$ cat upload-v3.cif   # mmCIF, C-alpha atoms
data_entry
#
loop_
_atom_site.label_atom_id
_atom_site.label_comp_id
_atom_site.auth_asym_id
_atom_site.auth_seq_id
_atom_site.Cartn_x
_atom_site.Cartn_y
_atom_site.Cartn_z
CA MET A 222 97.72 133.97 100.93
CA SER A 223 99.79 133.40 97.76
CA ASP A 224 102.53 131.76 99.84
CA LEU A 225 99.96 129.39 101.33
CA ILE A 226 98.71 128.54 97.84
CA PHE A 227 102.20 127.81 96.51
CA ALA A 228 103.14 125.82 99.65
CA ARG A 229 100.02 123.68 99.32
CA ALA A 230 100.50 123.33 95.56
CA GLN A 231 104.13 122.23 95.95
CA MET A 232 103.32 119.77 98.72
CA GLY A 233 100.32 118.45 96.85
CA PHE A 234 102.22 117.96 93.60
CA SER A 235 105.10 116.29 95.44
CA LEU A 236 102.73 113.89 97.19
CA ALA A 237 100.84 113.12 93.97
CA PHE A 238 104.13 112.32 92.23
CA HIS A 239 105.64 110.30 95.08
CA ILE A 240 102.59 108.18 95.79
CA ILE A 241 102.85 106.50 92.39
CA PHE A 242 106.31 105.17 93.27
CA ALA A 243 105.25 104.43 96.84
CA VAL A 244 102.42 102.11 95.75
CA ALA A 245 104.70 100.49 93.17
CA GLY A 246 107.21 99.86 95.95
CA ILE A 247 104.47 98.13 97.94
CA ALA A 248 103.05 95.88 95.22
CA LEU A 249 105.74 95.16 92.64
CA PRO A 250 108.07 93.31 95.07
CA VAL A 251 105.15 91.02 96.00
CA MET A 252 104.59 90.17 92.34
CA MET A 253 108.35 89.66 91.98
CA VAL A 254 108.60 87.11 94.80
CA ILE A 255 105.42 85.32 93.69
CA ALA A 256 107.06 84.82 90.29
CA GLU A 257 110.26 83.55 91.92
CA SER A 258 108.27 81.19 94.15
CA LEU A 259 106.58 79.74 91.06
CA TRP A 260 110.01 79.30 89.42
CA LEU A 261 111.31 77.41 92.47
CA LYS A 262 108.14 75.30 92.58
CA THR A 263 107.90 74.43 88.87
CA GLY A 264 111.43 74.85 87.54
CA ASP A 265 109.98 76.82 84.62
CA GLU A 266 112.58 79.38 83.51
CA THR A 267 109.80 81.66 82.26
CA TYR A 268 109.04 82.63 85.84
CA LYS A 269 112.71 83.33 86.53
CA THR A 270 112.82 85.69 83.56
CA ILE A 271 109.67 87.44 84.79
CA THR A 272 111.22 87.77 88.24
CA LYS A 273 114.39 89.38 86.93
CA ARG A 274 112.48 91.83 84.74
CA TRP A 275 110.22 92.89 87.61
CA ALA A 276 113.25 93.14 89.90
CA ARG A 277 114.87 95.64 87.54
CA GLY A 278 111.60 97.59 87.39
CA THR A 279 111.48 97.57 91.19
CA ALA A 280 115.00 98.98 91.34
CA VAL A 281 114.16 101.84 88.96
CA LEU A 282 110.96 102.75 90.79
CA PHE A 283 112.65 102.43 94.19
CA ALA A 284 115.40 104.85 93.18
CA VAL A 285 113.00 107.52 91.95
CA GLY A 286 110.71 106.97 94.94
CA ALA A 287 113.68 107.50 97.26
CA VAL A 288 114.45 110.82 95.58
CA SER A 289 110.87 112.10 95.70
CA GLY A 290 110.43 110.85 99.26
CA THR A 291 113.55 112.68 100.39
CA VAL A 292 112.23 115.87 98.84
CA LEU A 293 108.99 115.42 100.78
CA SER A 294 110.83 115.09 104.07
CA PHE A 295 112.59 118.40 103.42
CA GLU A 296 109.34 120.06 102.37
CA LEU A 297 107.68 119.10 105.65
CA GLY A 298 110.29 121.09 107.55
CA LEU A 299 110.72 123.96 105.11
CA LEU A 300 107.11 124.57 104.08
CA TRP A 301 105.29 123.58 107.28
CA PRO A 302 107.59 124.48 110.21
CA GLU A 303 104.77 125.16 112.67
CA PHE A 304 103.25 121.77 111.95
CA MET A 305 106.54 119.99 112.56
CA LYS A 306 107.20 122.07 115.67
CA TRP A 307 103.79 121.20 117.09
CA SER A 308 103.61 117.53 116.11
CA GLY A 309 107.23 116.38 115.78
CA SER A 310 107.41 114.83 119.23
CA ILE A 311 104.15 112.95 118.59
CA ILE A 312 104.57 111.56 115.07
CA GLY A 313 108.36 111.44 115.10
CA LEU A 314 108.23 107.73 116.03
CA PRO A 315 106.37 106.47 112.92
CA PHE A 316 108.62 108.58 110.67
CA ALA A 317 111.70 107.13 112.39
CA LEU A 318 110.33 103.60 111.96
CA GLU A 319 109.63 104.36 108.31
CA GLY A 320 113.31 105.27 107.95
CA TYR A 321 114.33 101.88 109.38
CA ALA A 322 111.94 100.11 107.01
CA PHE A 323 113.30 102.09 104.06
CA PHE A 324 116.92 101.21 104.84
CA THR A 325 116.01 97.55 105.36
CA GLU A 326 114.28 97.53 101.99
CA ALA A 327 117.30 99.14 100.31
CA ILE A 328 119.77 96.65 101.84
CA PHE A 329 117.81 93.55 100.91
CA LEU A 330 116.92 94.90 97.47
CA GLY A 331 120.66 95.11 96.83
CA ILE A 332 121.07 91.49 97.99
CA TYR A 333 118.16 90.46 95.81
CA LEU A 334 119.43 92.19 92.66
CA TYR A 335 123.06 91.11 92.93
CA GLY A 336 122.79 87.88 94.88
CA TRP A 337 121.39 85.50 92.29
CA ASP A 338 124.65 83.53 92.08
CA LYS A 339 125.99 84.44 95.54
CA VAL A 340 123.33 83.12 97.97
CA ASN A 341 121.27 79.93 97.89
CA LYS A 342 117.82 79.96 96.37
CA SER A 343 115.93 79.93 99.67
CA MET A 344 117.89 82.86 101.10
CA HIS A 345 117.44 84.77 97.84
CA LEU A 346 113.68 84.29 98.02
CA ILE A 347 113.65 85.33 101.69
CA SER A 348 115.52 88.54 100.81
CA GLY A 349 112.80 89.26 98.25
CA TRP A 350 110.05 88.80 100.83
CA ILE A 351 111.91 91.12 103.19
CA VAL A 352 111.91 93.74 100.42
CA ALA A 353 108.16 93.26 99.97
CA ILE A 354 107.42 93.39 103.70
CA SER A 355 109.67 96.42 104.26
CA GLY A 356 107.97 98.29 101.43
CA ALA A 357 104.59 97.61 103.01
CA LEU A 358 105.82 98.64 106.46
CA SER A 359 107.11 101.95 105.09
CA ALA A 360 103.60 102.67 103.89
CA VAL A 361 102.11 101.54 107.19
CA PHE A 362 104.19 103.99 109.23
CA VAL A 363 103.63 106.96 106.91
CA VAL A 364 99.88 106.33 106.69
CA THR A 365 99.77 105.98 110.47
CA ALA A 366 101.21 109.49 110.79
CA ASN A 367 98.65 110.80 108.31
CA ALA A 368 95.86 109.02 110.18
CA TRP A 369 96.93 110.84 113.35
CA MET A 370 96.48 114.16 111.52
CA ASN A 371 92.91 113.11 110.74
CA SER A 372 92.09 111.88 114.26
CA PRO A 373 94.75 113.19 116.69
CA THR A 374 95.24 111.20 119.90
CA GLY A 375 98.05 110.35 122.29
CA PHE A 376 98.47 113.68 124.11
CA LYS A 377 96.72 116.24 126.27
CA LEU A 378 96.28 119.88 125.36
CA VAL A 379 97.47 122.46 127.87
CA GLY A 380 97.35 126.02 126.61
CA ASN A 381 97.14 124.75 123.00
CA LEU A 382 100.39 122.79 123.45
CA PRO A 383 100.68 118.98 123.61
CA THR A 384 101.66 117.41 126.93
CA GLU A 385 101.74 113.87 128.35
CA ILE A 386 102.65 112.60 124.89
CA ASP A 387 102.19 108.89 124.15
CA PRO A 388 103.59 108.12 120.63
CA ILE A 389 102.28 104.54 120.67
CA LYS A 390 98.75 105.72 121.42
CA ALA A 391 99.14 108.35 118.68
CA MET A 392 100.04 105.60 116.21
CA SER A 393 96.87 103.76 117.30
CA SER A 394 94.48 106.58 116.45
CA PRO A 395 90.94 105.65 115.31
CA ALA A 396 91.89 106.34 111.69
CA ALA A 397 95.07 104.24 111.68
CA LEU A 398 93.79 100.73 110.97
CA PRO A 399 91.13 101.72 108.39
CA GLN A 400 93.54 103.97 106.48
CA VAL A 401 96.39 101.44 106.53
CA LEU A 402 94.19 98.60 105.26
CA HIS A 403 92.64 100.82 102.60
CA MET A 404 96.02 102.04 101.37
CA LEU A 405 97.72 98.64 101.23
CA ILE A 406 94.83 96.93 99.46
CA ALA A 407 94.54 99.85 97.03
CA ALA A 408 98.26 99.62 96.23
CA TYR A 409 98.11 95.92 95.43
CA ALA A 410 94.95 96.35 93.36
CA ALA A 411 96.22 99.37 91.44
CA ILE A 412 99.67 98.05 90.55
CA GLY A 413 98.43 94.52 89.93
CA LEU A 414 95.83 95.68 87.42
CA LEU A 415 98.15 98.30 85.89
CA ALA A 416 100.79 95.66 85.17
CA ALA A 417 98.08 93.26 84.01
CA GLY A 418 96.98 95.90 81.50
CA VAL A 419 100.50 96.19 80.10
CA HIS A 420 100.86 92.43 79.67
CA ALA A 421 97.31 92.17 78.28
CA PHE A 422 98.26 94.74 75.64
CA MET A 423 101.28 92.63 74.71
CA LEU A 424 99.12 89.50 74.55
CA LEU A 425 96.76 91.17 72.12
CA ARG A 426 99.78 91.51 69.82
CA ASP A 427 101.13 88.00 70.44
CA ARG A 428 98.72 85.51 72.01
CA GLN A 429 101.37 82.76 72.34
CA ASN A 430 104.02 84.79 74.18
CA GLU A 431 104.59 82.79 77.36
CA PHE A 432 106.42 85.60 79.14
CA HIS A 433 103.41 87.89 78.96
CA ARG A 434 100.84 85.14 79.52
CA ARG A 435 102.36 84.04 82.79
CA ALA A 436 103.11 87.57 83.93
CA PHE A 437 99.51 88.50 83.11
CA GLY A 438 98.26 85.60 85.23
CA ILE A 439 100.24 86.71 88.29
CA CYS A 440 99.23 90.37 87.95
CA LEU A 441 95.59 89.53 87.35
CA ALA A 442 95.41 87.21 90.36
CA LEU A 443 96.85 89.84 92.71
CA GLY A 444 95.03 92.85 91.27
CA CYS A 445 91.61 91.23 91.00
CA THR A 446 91.71 89.71 94.48
CA MET A 447 92.57 93.04 96.06
CA ALA A 448 90.07 95.00 93.95
CA VAL A 449 87.29 92.76 95.26
CA LEU A 450 88.50 93.20 98.88
CA GLU A 451 88.82 96.98 98.65
CA PRO A 452 85.13 97.75 99.44
CA ILE A 453 85.57 96.00 102.82
CA SER A 454 88.29 98.44 103.84
CA GLY A 455 86.18 101.23 102.36
CA ASP A 456 83.39 100.30 104.75
CA LEU A 457 85.78 100.67 107.70
CA ILE A 458 86.89 104.06 106.37
CA ALA A 459 83.28 105.24 106.05
CA GLN A 460 82.49 104.37 109.66
CA MET A 461 85.69 106.00 110.91
CA VAL A 462 85.02 109.23 109.01
CA ALA A 463 81.43 109.32 110.24
CA ASN A 464 82.60 109.08 113.86
CA THR A 465 85.71 111.28 113.78
CA GLN A 466 85.24 113.71 110.85
CA PRO A 467 81.49 114.23 110.30
CA VAL A 468 82.07 117.46 108.37
CA LYS A 469 84.22 115.52 105.88
CA LEU A 470 81.48 112.92 105.48
CA ALA A 471 78.95 115.67 104.78
CA ALA A 472 81.27 117.16 102.14
CA LEU A 473 81.87 113.74 100.55
CA GLU A 474 78.15 113.33 99.95
CA GLY A 475 77.10 116.93 99.47
CA GLN A 476 74.91 116.60 102.57
CA PHE A 477 73.95 120.10 103.72
CA ASP A 478 71.07 119.32 106.10
CA THR A 479 71.16 117.07 109.13
CA MET A 480 68.77 114.18 108.68
CA ARG A 481 67.99 110.62 109.60
CA GLY A 482 67.95 108.06 106.83
CA ALA A 483 70.28 110.17 104.68
CA PRO A 484 70.55 109.13 101.03
CA LEU A 485 73.70 108.10 99.20
CA ARG A 486 74.32 110.42 96.26
CA ILE A 487 75.72 109.30 92.92
CA GLY A 488 77.12 112.19 90.91
CA GLY A 489 75.88 115.71 91.45
CA LEU A 490 77.55 119.10 91.79
CA PRO A 491 77.28 120.53 95.31
CA ASP A 492 76.25 124.20 95.31
CA VAL A 493 77.54 125.79 98.49
CA GLU A 494 75.57 129.01 98.02
CA LYS A 495 72.25 127.24 97.55
CA ALA A 496 73.14 124.46 100.02
CA GLU A 497 72.02 121.70 97.69
CA THR A 498 73.50 119.04 95.41
CA PRO A 499 71.69 119.11 92.06
CA PHE A 500 72.06 116.53 89.26
CA SER A 501 72.67 113.69 91.73
CA ILE A 502 70.96 110.30 91.89
CA GLU A 503 69.87 109.58 95.46
CA ILE A 504 69.57 106.10 96.95
CA PRO A 505 67.32 106.50 100.02
CA LYS A 506 68.83 105.82 103.48
CA LEU A 507 71.97 104.17 102.09
CA LEU A 508 74.42 106.78 103.44
CA SER A 509 73.09 106.29 106.96
CA PHE A 510 73.50 102.53 106.58
CA LEU A 511 77.04 102.71 105.18
CA ALA A 512 78.18 105.18 107.84
CA HIS A 513 76.51 103.59 110.89
CA HIS A 514 75.03 100.26 109.70
CA ASP A 515 71.63 101.70 110.54
CA PHE A 516 69.22 102.84 107.83
CA ASN A 517 67.75 105.48 110.16
CA ALA A 518 70.97 106.79 111.70
CA GLU A 519 71.47 110.53 111.84
CA ILE A 520 73.95 112.14 109.47
CA LYS A 521 75.09 115.63 110.36
CA GLY A 522 74.89 118.12 107.49
CA LEU A 523 77.36 120.86 106.66
CA LYS A 524 75.02 123.45 108.17
CA GLU A 525 75.81 121.98 111.61
CA PHE A 526 79.36 123.32 111.37
CA PRO A 527 80.78 126.87 111.10
CA ARG A 528 81.21 127.92 107.49
CA GLU A 529 84.92 128.60 108.03
CA ASP A 530 85.39 124.94 109.01
CA TRP A 531 83.98 123.54 105.78
CA PRO A 532 86.39 121.83 103.38
CA PRO A 533 86.20 122.67 99.65
CA VAL A 534 82.93 120.78 99.22
CA LEU A 535 82.81 120.58 95.42
CA TRP A 536 86.35 119.22 95.03
CA VAL A 537 86.00 116.77 97.89
CA HIS A 538 82.73 115.45 96.47
CA LEU A 539 84.02 115.14 92.89
CA ASN A 540 87.22 113.36 93.90
CA PHE A 541 85.23 110.99 96.08
CA GLN A 542 82.92 110.20 93.16
CA ILE A 543 85.92 109.53 90.90
CA MET A 544 87.50 107.21 93.46
CA VAL A 545 84.30 105.23 93.96
CA PHE A 546 83.60 104.99 90.23
CA CYS A 547 87.11 103.64 89.55
CA GLY A 548 86.77 101.14 92.39
CA ILE A 549 83.40 99.87 91.13
CA ILE A 550 84.69 99.34 87.57
CA MET A 551 87.80 97.56 88.83
CA GLY A 552 85.69 95.37 91.09
CA LEU A 553 83.26 94.41 88.30
CA VAL A 554 86.03 93.43 85.90
CA SER A 555 87.76 91.51 88.70
CA MET A 556 84.60 89.55 89.52
CA CYS A 557 84.20 88.82 85.81
CA ALA A 558 87.76 87.45 85.73
CA GLY A 559 87.05 85.28 88.75
CA ALA A 560 83.84 83.93 87.24
CA ILE A 561 85.60 83.05 83.98
CA TYR A 562 88.40 81.28 85.82
CA LEU A 563 86.03 79.31 88.08
CA LYS A 564 84.07 78.17 85.05
CA THR A 565 86.97 77.27 82.73
CA ARG A 566 89.93 76.80 85.14
CA LYS A 567 91.97 78.66 82.56
CA LEU A 568 93.48 82.12 82.28
CA PRO A 569 90.85 84.58 80.99
CA ASP A 570 92.37 85.47 77.64
CA HIS A 571 89.52 86.32 75.28
CA PRO A 572 90.46 89.42 73.24
CA LEU A 573 87.45 91.34 74.61
CA PHE A 574 88.49 90.59 78.17
CA LEU A 575 92.11 91.55 77.46
CA LYS A 576 90.90 94.84 75.98
CA ALA A 577 88.77 95.45 79.09
CA VAL A 578 91.80 94.94 81.33
CA VAL A 579 93.84 97.33 79.20
CA ALA A 580 91.04 99.91 79.42
CA ILE A 581 90.73 99.78 83.21
CA SER A 582 94.45 99.42 83.99
CA PRO A 583 95.02 103.15 84.83
CA LEU A 584 91.93 103.37 87.05
CA GLY A 585 93.71 102.09 90.15
CA LEU A 586 96.25 104.91 90.15
CA LEU A 587 93.49 107.41 89.38
CA ALA A 588 91.52 106.08 92.37
CA ILE A 589 94.58 106.40 94.64
CA GLU A 590 95.28 109.96 93.52
CA SER A 591 91.65 111.03 93.94
CA GLY A 592 91.43 109.16 97.25
CA TRP A 593 94.36 111.08 98.67
CA MET A 594 92.79 114.30 97.44
CA VAL A 595 89.69 113.34 99.42
CA THR A 596 91.78 112.59 102.51
CA GLU A 597 93.77 115.82 102.41
CA LEU A 598 91.18 118.25 101.06
CA GLY A 599 88.51 116.76 103.29
CA ARG A 600 90.58 117.65 106.37
CA GLN A 601 90.85 121.32 105.41
CA PRO A 602 91.04 123.95 106.78
CA TRP A 603 92.96 121.89 109.35
CA VAL A 604 96.41 120.35 109.03
CA ILE A 605 95.70 118.64 112.38
CA THR A 606 91.96 118.14 112.70
CA GLY A 607 90.42 120.54 115.18
CA ILE A 608 93.79 121.73 116.51
CA LEU A 609 96.08 123.45 113.98
CA ARG A 610 94.86 125.23 110.87
CA THR A 611 96.77 124.88 107.62
CA SER A 612 97.11 128.66 107.32
CA HIS A 613 98.84 128.76 110.72
CA ALA A 614 101.29 125.97 109.88
CA VAL A 615 102.76 127.37 106.64
CA THR A 616 106.25 128.88 106.43
CA PRO A 617 106.58 132.68 106.62
CA MET A 618 109.26 132.51 103.93
CA PRO A 619 108.18 134.52 100.84
CA GLY A 620 108.89 133.74 97.20
CA LEU A 621 107.68 130.14 97.01
CA ALA A 622 106.78 130.40 93.32
CA LEU A 623 110.40 129.83 92.22
CA PRO A 624 111.02 126.61 94.20
CA PHE A 625 107.62 125.35 93.09
CA ALA A 626 108.60 125.84 89.43
CA MET A 627 111.99 124.19 89.99
CA PHE A 628 110.55 121.13 91.71
CA PHE A 629 107.86 120.85 89.04
CA LEU A 630 110.57 120.74 86.36
CA VAL A 631 112.62 118.16 88.26
CA TYR A 632 109.61 115.89 88.70
CA ILE A 633 108.75 116.13 85.01
CA ILE A 634 112.30 115.12 84.09
CA LEU A 635 112.22 112.21 86.54
CA ALA A 636 108.87 111.06 85.15
CA VAL A 637 110.18 111.09 81.58
CA VAL A 638 113.27 109.09 82.59
CA VAL A 639 111.17 106.47 84.38
CA VAL A 640 108.73 106.09 81.49
CA VAL A 641 111.58 105.69 78.98
CA LEU A 642 113.31 103.05 81.11
CA LEU A 643 110.13 101.06 81.71
CA ILE A 644 109.08 101.19 78.06
CA ARG A 645 112.53 99.91 77.13
CA GLU A 646 112.12 96.99 79.53
CA PHE A 647 108.69 96.07 78.21
CA SER A 648 109.65 96.49 74.55
CA ARG A 649 112.63 94.17 75.02
CA SER A 650 110.38 91.44 76.36
CA ALA A 651 107.63 91.83 73.75
CA ASP A 652 108.80 88.93 71.60
CA LEU A 653 110.51 86.89 74.33
CA GLN A 654 109.82 83.16 74.25
CA VAL A 655 111.26 81.33 77.23
CA GLY A 656 110.56 78.26 79.35
CA THR A 657 108.65 75.26 78.13
CA ALA A 658 107.15 74.93 74.67
CA ALA A 659 104.14 77.14 74.08
CA ALA A 660 100.95 75.54 75.33
CA PRO A 661 97.55 76.11 73.77
CA ALA A 662 96.02 79.48 74.45
CA GLY A 663 94.60 79.74 77.96
CA GLU A 664 96.57 76.75 79.40
CA VAL A 665 99.91 78.23 80.36
CA SER A 666 99.12 80.08 83.55
CA ASP A 667 97.56 77.48 85.81
CA HIS A 668 100.17 78.10 88.54
CA ALA A 669 99.24 81.79 88.68
#
$ encode --input "upload-v3.cif" --output "structure tokens"
Amino acid sequence: MSDLIFARAQMGFSLAFHIIFAVAGIALPVMMVIAESLWLKTGDETYKTITKRWARGTAVLFAVGAVSGTVLSFELGLLWPEFMKWSGSIIGLPFALEGYAFFTEAIFLGIYLYGWDKVNKSMHLISGWIVAISGALSAVFVVTANAWMNSPTGFKLVGNLPTEIDPIKAMSSPAALPQVLHMLIAAYAAIGLLAAGVHAFMLLRDRQNEFHRRAFGICLALGCTMAVLEPISGDLIAQMVANTQPVKLAALEGQFDTMRGAPLRIGGLPDVEKAETPFSIEIPKLLSFLAHHDFNAEIKGLKEFPREDWPPVLWVHLNFQIMVFCGIIMGLVSMCAGAIYLKTRKLPDHPLFLKAVVAISPLGLLAIESGWMVTELGRQPWVITGILRTSHAVTPMPGLALPFAMFFLVYIILAVVVVVLLIREFSRSADLQVGTAAAPAGEVSDHA
């Protein structure tokens, strides 16, 4: 049992660390090429400077993400050999495609970083878009493999072994599209608002700094748009979970009894022993509507399933509540930003609004981390839903405490290095004045 705990802890910590760099690799290149597109359109050197700074940040985050991603690939084989043995022939295709996307991203990132004076402007911009698209495709293929673990398809079971394998059908599992959309939109929202918070902080110190004003406009436009769209993908996820993983849905909401017109619970602490969720605020029939678009639809409770098949209900519920809370706050601030812009046609730059953006800027990453906890913990005790239990997939190798401690130390060192490098980049640009003469406050980011 201790080996299982350490294996899960090491894999969980590795995933939690890597996902930060993965989502940055999805969103930051998009912001980078948007800034370059604005430079080519307007001729304003401010946007070129922003582009180069974000390109250097992309390179740093890409390098560390490559290291942590490589570690994860080894951990899959070393910590979970039975899982890889069982599923390798099924999900090998999306992992192979992810490798192609990764190498494409690396090649064109090199062209982008070192090709400013070596290729024409159009080709340079195209190389940047290829970096952005490749980063998104890497996420698509990995999330597709994870979606298959949640709703396995594309094979037939014969004696508990997969036969008649169809990798394309496996990649098209019921969970694939909802999870991919949810992950991509979350990445753009999280990184967009995180970067917006950094530039908002700098603007609070220097309201006339054009570098930070224009960078803030780009980040805010991307982050707010995606934060408002995220509930749509969340609706698709809710319906998918209700149809393919009803026990996870019950754990998400602390729903112990099967009932029609089930309420949506806000807060609460599920008590497994008493089979109730005290301290929650219940909105009548809303869970049934969100899960099936029918206020009187039946929602299966946890009692419908064997106790040994329940996920850790309390942790699943709490992480789900954290994710939803973060998403709601991000969405409200984003709608506020949109309303201000539609009314004034200027960049929202009131000090109170800037402080609000700074305050919510970490919530996107918190939502992503808690969302992945919901995805992975909610599938337990299965590593492949309904087919292979996590306890049966773990390595028989003893002594996992030492490698866990070593990897933990390595990740801490990498995190410190990244933070130092990024702080250095931002501190160097704090007083940068580039481009055209400073315009009045609120009038310098119309292109964003």
$ residues_around --input "upload-v3.cif" --residues "Phe283 (chain A)" --least-positions-apart "5" --cutoff "9 Å" --atoms "all atoms listed in the file" --output "PyMOL selection string"
chain A and resi 242-243+245-246+278+288+327
$ atom_distance --input "upload-v3.cif" --atom1 "CA of Glu326 (chain A)" --atom2 "CA of Ile412 (chain A)"
18.6 Å
$ closest_residue --input "upload-v3.cif" --among "A:Leu511, A:Ile589, A:Leu553, A:Val640" --to "Ala577 (chain A)" --atoms "all atoms listed in the file"
A:Leu553
$ resolve_selection --input "upload-v3.cif" --expression "the PyMOL selection byres ((chain A and resi 631) around 12)" --output "VMD selection string"
chain A and resid 234 to 235 238 285 288 to 289 292 624 to 630 632 to 638
$ closest_residue --input "upload-v3.cif" --among "A:Ile271, A:Ile550, A:Val639, A:Leu450" --to "Pro250 (chain A)" --atoms "only C-alpha atoms"
A:Ile271
$ residues_around --input "upload-v3.cif" --residues "region 438-444 of chain A" --least-positions-apart "6" --cutoff "8 Å" --atoms "all atoms listed in the file" --output "list of chain:residue names"
A:Met252, A:Ile255, A:Ala256, A:Tyr409, A:Ala410, A:Ala411, A:Ile412, A:Gly413, A:Leu414, A:Ala416, A:Ala417, A:Ser555, A:Leu568, A:Ser666, A:Ala669
$ atom_distance --input "upload-v3.cif" --atom1 "CA of Thr565 (chain A)" --atom2 "CA of Phe546 (chain A)"
28.9 Å
$ atom_distance --input "upload-v3.cif" --atom1 "CA of Met544 (chain A)" --atom2 "CA of Ala588 (chain A)"
4.3 Å
$ closest_residue --input "upload-v3.cif" --among "A:Leu346, A:Gly489, A:Leu334, A:Asn371" --to "Val251 (chain A)" --atoms "all atoms listed in the file"
A:Leu346
$ resolve_selection --input "upload-v3.cif" --expression "the PyMOL selection byres ((chain A and resi 296) around 12)" --output "tab-separated table (two decimals) with C-alpha atoms, in the coordinates of the input"
chain	number	residue	atom	x	y	z
A	228	ALA	CA	103.14	125.82	99.65
A	229	ARG	CA	100.02	123.68	99.32
A	230	ALA	CA	100.50	123.33	95.56
A	231	GLN	CA	104.13	122.23	95.95
A	232	MET	CA	103.32	119.77	98.72
A	233	GLY	CA	100.32	118.45	96.85
A	234	PHE	CA	102.22	117.96	93.60
A	235	SER	CA	105.10	116.29	95.44
A	236	LEU	CA	102.73	113.89	97.19
A	289	SER	CA	110.87	112.10	95.70
A	290	GLY	CA	110.43	110.85	99.26
A	291	THR	CA	113.55	112.68	100.39
A	292	VAL	CA	112.23	115.87	98.84
A	293	LEU	CA	108.99	115.42	100.78
A	294	SER	CA	110.83	115.09	104.07
A	295	PHE	CA	112.59	118.40	103.42
A	297	LEU	CA	107.68	119.10	105.65
A	298	GLY	CA	110.29	121.09	107.55
A	299	LEU	CA	110.72	123.96	105.11
A	300	LEU	CA	107.11	124.57	104.08
A	301	TRP	CA	105.29	123.58	107.28
A	302	PRO	CA	107.59	124.48	110.21
A	304	PHE	CA	103.25	121.77	111.95
A	305	MET	CA	106.54	119.99	112.56
A	615	VAL	CA	102.76	127.37	106.64
A	616	THR	CA	106.25	128.88	106.43
A	621	LEU	CA	107.68	130.14	97.01
A	624	PRO	CA	111.02	126.61	94.20
A	625	PHE	CA	107.62	125.35	93.09
A	628	PHE	CA	110.55	121.13	91.71
$ resolve_selection --input "upload-v3.cif" --expression "the PyMOL selection byres ((chain A and resi 551) around 8)" --output "list in words"
Cys445, Ala448, Cys547, Gly548, Ile549, Ile550, Gly552, Leu553, Val554, Ser555, Ile581, Leu584 and Gly585 of chain A
$ closest_residue --input "upload-v3.cif" --among "A:Ile328, A:Met594, A:Leu586, A:Val254" --to "Trp275 (chain A)" --atoms "only C-alpha atoms"
A:Val254
$ closest_residue --input "upload-v3.cif" --among "A:Ile502, A:Ile389, A:Ala421, A:Ile226" --to "His571 (chain A)" --atoms "all atoms listed in the file"
A:Ala421
$ closest_residue --input "upload-v3.cif" --among "A:Asp427, A:Glu519, A:Glu497, A:Asp456" --to "Gly482 (chain A)" --atoms "all atoms listed in the file"
A:Glu519
$ residues_around --input "upload-v3.cif" --residues "Gln400 (chain A)" --least-positions-apart "3" --cutoff "8 Å" --atoms "all atoms listed in the file" --output "list in words"
Val364, Thr365, Ala368, Ala396, Ala397, His403, Met404 and Ile458 of chain A
$ residues_near_point --input "upload-v3.cif" --point "(80.5, 107.5, 105.2)" --cutoff "7 Å" --atoms "only C-alpha atoms" --output "list in words"
Ala459, Gln460, Val462, Ala463, Leu470, Leu508, Leu511 and Ala512 of chain A
$ residues_around --input "upload-v3.cif" --residues "Phe500 (chain A)" --least-positions-apart "4" --cutoff "10 Å" --atoms "all atoms listed in the file" --output "PyMOL selection string"
chain A and resi 486-491
$ decode --input "upload-v3.cif" --residues "region 537-545 of chain A" --atoms "N, CA and C atoms" --output "compact mmCIF listing (two decimals), in the first residue's frame"
# COMPACT_ATOMS: atom_id res chain seq x y z
N VAL A 537 -12.85 15.04 -3.97
CA VAL A 537 -13.41 15.33 -5.29
C VAL A 537 -14.36 16.52 -5.20
N HIS A 538 -15.23 16.50 -4.21
CA HIS A 538 -16.21 17.57 -4.04
C HIS A 538 -15.52 18.91 -3.77
N LEU A 539 -14.55 18.94 -2.87
CA LEU A 539 -13.89 20.19 -2.52
C LEU A 539 -13.12 20.77 -3.71
N ASN A 540 -12.41 19.92 -4.44
CA ASN A 540 -11.68 20.42 -5.60
C ASN A 540 -12.63 20.94 -6.68
N PHE A 541 -13.76 20.26 -6.83
CA PHE A 541 -14.75 20.73 -7.80
C PHE A 541 -15.29 22.10 -7.40
N GLN A 542 -15.55 22.28 -6.10
CA GLN A 542 -16.04 23.57 -5.63
C GLN A 542 -15.01 24.68 -5.85
N ILE A 543 -13.74 24.36 -5.61
CA ILE A 543 -12.68 25.35 -5.84
C ILE A 543 -12.62 25.74 -7.31
N MET A 544 -12.66 24.74 -8.19
CA MET A 544 -12.59 25.01 -9.63
C MET A 544 -13.75 25.90 -10.07
N VAL A 545 -14.95 25.57 -9.64
CA VAL A 545 -16.12 26.35 -10.05
C VAL A 545 -16.06 27.76 -9.49
